[in-house]
Amino acid sequence: MSDLSELLSPISINLEQLLLDPNNPRFGELGEPFDPVPEGRFAEAPVQREAYDRMKSGNFEVAELRDTIKTLGFLPMDRIVVSFWRDSAVDDRKYVVIEGNRRIAALKWLVNLHDTGRETFSEDQLRNFRELV
């Protein structure tokens, strides 16, 4: 069997290209029935909004992670693992987050706070939140 690291390739990616996994196994911790979302629907705005809201619910400590990233910046010590979303258009490549949904939710939260005027971040901070390597 191959070493897992041989199957992975580092890429640069923009936060907007990332889809939270609406079938994230962590959601099973909420005690709700598991109704899987078909992969072809992952990019739909209501599906992403629900996954985002569930991540922010308080059960996964995303607010604490958001505050840490706000203070220190995003430090990519642990890699975000993504998979190419098969329904992506060539000019709009999307990736599903396999590992790192909490970090991506926290980054999306910070960008949303800036975009809605509730926080103000510098261009360097925003680049750190949005441009992932």
# chains A, B, ... in the order shown; residues from 1 in each chain; ligands from 1

$ select_by_dssp --residues "stretch 3-109 of chain A" --states "alpha helix (DSSP H)" --output "MDAnalysis selection string"
chainID A and resid 4:7 45:56 62:72 101:109

$ residues_around --residues "stretch 95-102 of chain A" --least-positions-apart "4" --cutoff "6 Å" --atoms "only C-alpha atoms" --output "PyMOL selection string"
chain A and resi 18-21+62+80-85

$ select_by_dssp --residues "chain A" --states "strand (DSSP E or B)" --output "MDAnalysis selection string"
chainID A and resid 13:14 18:19 81:84 89 92 95:99 131:132

$ write_last_selection --atoms "N, CA and C atoms" --output "PDB file, in the first residue's frame"
ATOM      1  N   ILE A  13      -4.821  27.656  -3.275  1.00  0.00           N
ATOM      2  CA  ILE A  13      -6.258  27.684  -3.476  1.00  0.00           C
ATOM      3  C   ILE A  13      -6.824  28.917  -2.789  1.00  0.00           C
ATOM      4  N   ASN A  14      -7.930  29.414  -3.328  1.00  0.00           N
ATOM      5  CA  ASN A  14      -8.604  30.556  -2.750  1.00  0.00           C
ATOM      6  C   ASN A  14      -9.757  30.070  -1.889  1.00  0.00           C
ATOM      7  N   LEU A  18     -13.489  26.759  -1.905  1.00  0.00           N
ATOM      8  CA  LEU A  18     -13.666  25.650  -0.978  1.00  0.00           C
ATOM      9  C   LEU A  18     -15.116  25.493  -0.546  1.00  0.00           C
ATOM     10  N   LEU A  19     -15.570  24.260  -0.603  1.00  0.00           N
ATOM     11  CA  LEU A  19     -16.909  23.900  -0.152  1.00  0.00           C
ATOM     12  C   LEU A  19     -16.790  23.146   1.161  1.00  0.00           C
ATOM     13  N   VAL A  81      -6.987  19.397   3.786  1.00  0.00           N
ATOM     14  CA  VAL A  81      -7.049  18.345   2.771  1.00  0.00           C
ATOM     15  C   VAL A  81      -8.356  18.528   2.006  1.00  0.00           C
ATOM     16  N   VAL A  82      -8.230  18.615   0.683  1.00  0.00           N
ATOM     17  CA  VAL A  82      -9.392  18.828  -0.172  1.00  0.00           C
ATOM     18  C   VAL A  82      -9.424  17.795  -1.280  1.00  0.00           C
ATOM     19  N   SER A  83     -10.592  17.670  -1.863  1.00  0.00           N
ATOM     20  CA  SER A  83     -10.779  16.797  -3.011  1.00  0.00           C
ATOM     21  C   SER A  83     -11.467  17.614  -4.096  1.00  0.00           C
ATOM     22  N   PHE A  84     -11.020  17.447  -5.322  1.00  0.00           N
ATOM     23  CA  PHE A  84     -11.662  18.161  -6.424  1.00  0.00           C
ATOM     24  C   PHE A  84     -13.133  17.784  -6.468  1.00  0.00           C
ATOM     25  N   ALA A  89     -17.141  23.488 -12.759  1.00  0.00           N
ATOM     26  CA  ALA A  89     -16.926  23.948 -14.127  1.00  0.00           C
ATOM     27  C   ALA A  89     -15.435  24.214 -14.299  1.00  0.00           C
ATOM     28  N   ASP A  92     -14.438  27.498 -12.971  1.00  0.00           N
ATOM     29  CA  ASP A  92     -14.843  27.752 -11.587  1.00  0.00           C
ATOM     30  C   ASP A  92     -14.580  26.506 -10.750  1.00  0.00           C
ATOM     31  N   TYR A  95     -13.480  22.745  -4.632  1.00  0.00           N
ATOM     32  CA  TYR A  95     -12.914  21.623  -3.905  1.00  0.00           C
ATOM     33  C   TYR A  95     -13.717  21.415  -2.626  1.00  0.00           C
ATOM     34  N   VAL A  96     -13.941  20.173  -2.257  1.00  0.00           N
ATOM     35  CA  VAL A  96     -14.637  19.826  -1.026  1.00  0.00           C
ATOM     36  C   VAL A  96     -13.582  19.625   0.061  1.00  0.00           C
ATOM     37  N   VAL A  97     -13.812  20.224   1.208  1.00  0.00           N
ATOM     38  CA  VAL A  97     -12.886  20.085   2.330  1.00  0.00           C
ATOM     39  C   VAL A  97     -13.090  18.709   2.970  1.00  0.00           C
ATOM     40  N   ILE A  98     -12.027  17.928   2.980  1.00  0.00           N
ATOM     41  CA  ILE A  98     -12.048  16.605   3.598  1.00  0.00           C
ATOM     42  C   ILE A  98     -11.576  16.716   5.047  1.00  0.00           C
ATOM     43  N   GLU A  99     -10.504  17.439   5.257  1.00  0.00           N
ATOM     44  CA  GLU A  99      -9.937  17.666   6.588  1.00  0.00           C
ATOM     45  C   GLU A  99      -9.664  19.160   6.726  1.00  0.00           C
ATOM     46  N   GLU A 131      -6.063  33.344   0.723  1.00  0.00           N
ATOM     47  CA  GLU A 131      -5.135  32.661  -0.186  1.00  0.00           C
ATOM     48  C   GLU A 131      -4.397  31.567   0.583  1.00  0.00           C
ATOM     49  N   LEU A 132      -4.816  30.357   0.363  1.00  0.00           N
ATOM     50  CA  LEU A 132      -4.275  29.226   1.113  1.00  0.00           C
ATOM     51  C   LEU A 132      -3.290  28.442   0.263  1.00  0.00           C
TER      52      LEU A 132
END

$ residues_around --residues "A:Asn59" --least-positions-apart "3" --cutoff "8 Å" --atoms "only C-alpha atoms" --output "list in words"
Leu30, Met55 and Lys56 of chain A

$ atom_distance --atom1 "atom CA of A:Ala45" --atom2 "atom CA of A:Glu16"
12.3 Å

$ atom_distance --atom1 "atom CA of A:Lys94" --atom2 "atom CA of A:Phe129"
17.2 Å

$ residues_around --residues "A:Glu61" --least-positions-apart "4" --cutoff "12 Å" --atoms "only C-alpha atoms" --output "list of chain:residue names"
A:Arg26, A:Arg54, A:Met55, A:Lys56, A:Ser57, A:Leu65, A:Arg66, A:Asp67, A:Thr68, A:Asn101, A:Arg102, A:Arg103, A:Ala105, A:Ala106

$ write_last_selection --atoms "N, CA and C atoms" --output "PDB file, in the first residue's frame"
ATOM      1  N   ARG A  26     -18.382  15.042  11.736  1.00  0.00           N
ATOM      2  CA  ARG A  26     -18.559  15.750  13.012  1.00  0.00           C
ATOM      3  C   ARG A  26     -20.032  16.045  13.294  1.00  0.00           C
ATOM      4  N   ARG A  54     -23.958  25.098  10.919  1.00  0.00           N
ATOM      5  CA  ARG A  54     -23.757  23.965  11.825  1.00  0.00           C
ATOM      6  C   ARG A  54     -22.346  23.994  12.418  1.00  0.00           C
ATOM      7  N   MET A  55     -21.359  24.365  11.598  1.00  0.00           N
ATOM      8  CA  MET A  55     -19.993  24.462  12.105  1.00  0.00           C
ATOM      9  C   MET A  55     -19.882  25.566  13.156  1.00  0.00           C
ATOM     10  N   LYS A  56     -20.610  26.667  12.969  1.00  0.00           N
ATOM     11  CA  LYS A  56     -20.558  27.805  13.887  1.00  0.00           C
ATOM     12  C   LYS A  56     -21.413  27.604  15.134  1.00  0.00           C
ATOM     13  N   SER A  57     -22.165  26.542  15.214  1.00  0.00           N
ATOM     14  CA  SER A  57     -23.182  26.354  16.251  1.00  0.00           C
ATOM     15  C   SER A  57     -22.660  26.397  17.683  1.00  0.00           C
ATOM     16  N   LEU A  65     -11.552  29.175  17.552  1.00  0.00           N
ATOM     17  CA  LEU A  65     -10.573  29.067  16.469  1.00  0.00           C
ATOM     18  C   LEU A  65     -10.538  30.357  15.657  1.00  0.00           C
ATOM     19  N   ARG A  66     -11.705  30.925  15.368  1.00  0.00           N
ATOM     20  CA  ARG A  66     -11.796  32.215  14.662  1.00  0.00           C
ATOM     21  C   ARG A  66     -11.008  33.285  15.409  1.00  0.00           C
ATOM     22  N   ASP A  67     -11.201  33.364  16.722  1.00  0.00           N
ATOM     23  CA  ASP A  67     -10.524  34.386  17.516  1.00  0.00           C
ATOM     24  C   ASP A  67      -9.013  34.180  17.543  1.00  0.00           C
ATOM     25  N   THR A  68      -8.580  32.933  17.563  1.00  0.00           N
ATOM     26  CA  THR A  68      -7.143  32.640  17.526  1.00  0.00           C
ATOM     27  C   THR A  68      -6.552  33.072  16.187  1.00  0.00           C
ATOM     28  N   ASN A 101     -12.464  21.393   7.989  1.00  0.00           N
ATOM     29  CA  ASN A 101     -13.724  22.135   7.916  1.00  0.00           C
ATOM     30  C   ASN A 101     -13.832  23.201   9.003  1.00  0.00           C
ATOM     31  N   ARG A 102     -13.349  22.937  10.203  1.00  0.00           N
ATOM     32  CA  ARG A 102     -13.398  23.940  11.275  1.00  0.00           C
ATOM     33  C   ARG A 102     -12.568  25.162  10.905  1.00  0.00           C
ATOM     34  N   ARG A 103     -11.363  24.940  10.409  1.00  0.00           N
ATOM     35  CA  ARG A 103     -10.492  26.058  10.040  1.00  0.00           C
ATOM     36  C   ARG A 103     -11.083  26.856   8.886  1.00  0.00           C
ATOM     37  N   ALA A 105     -14.298  27.068   8.085  1.00  0.00           N
ATOM     38  CA  ALA A 105     -15.464  27.793   8.606  1.00  0.00           C
ATOM     39  C   ALA A 105     -15.014  29.043   9.363  1.00  0.00           C
ATOM     40  N   ALA A 106     -13.948  28.932  10.147  1.00  0.00           N
ATOM     41  CA  ALA A 106     -13.433  30.088  10.894  1.00  0.00           C
ATOM     42  C   ALA A 106     -12.927  31.169   9.933  1.00  0.00           C
TER      43      ALA A 106
END

$ closest_residue --among "A:Asp53, A:Phe60, A:Pro46, A:Leu8" --to "A:Glu29" --atoms "only C-alpha atoms"
A:Phe60

$ residues_around --residues "stretch 34-38 of chain A" --least-positions-apart "5" --cutoff "8 Å" --atoms "only C-alpha atoms" --output "compact mmCIF listing (two decimals) with N, CA and C atoms, in the first residue's frame"
# COMPACT_ATOMS: atom_id res chain seq x y z
N PRO A 22 -21.01 19.13 3.66
CA PRO A 22 -22.29 19.05 4.36
C PRO A 22 -22.54 17.67 4.98
N ASN A 23 -21.71 16.69 4.63
CA ASN A 23 -21.80 15.34 5.21
C ASN A 23 -20.67 15.10 6.20
N GLY A 28 -22.43 14.21 13.12
CA GLY A 28 -23.01 13.09 13.85
C GLY A 28 -22.97 13.31 15.36

$ atom_distance --atom1 "atom CA of A:Leu107" --atom2 "atom CA of A:Pro25"
19.9 Å

$ closest_residue --among "A:Glu39, A:Leu7, A:Gly31, A:Ile104" --to "A:Pro76" --atoms "only C-alpha atoms"
A:Ile104
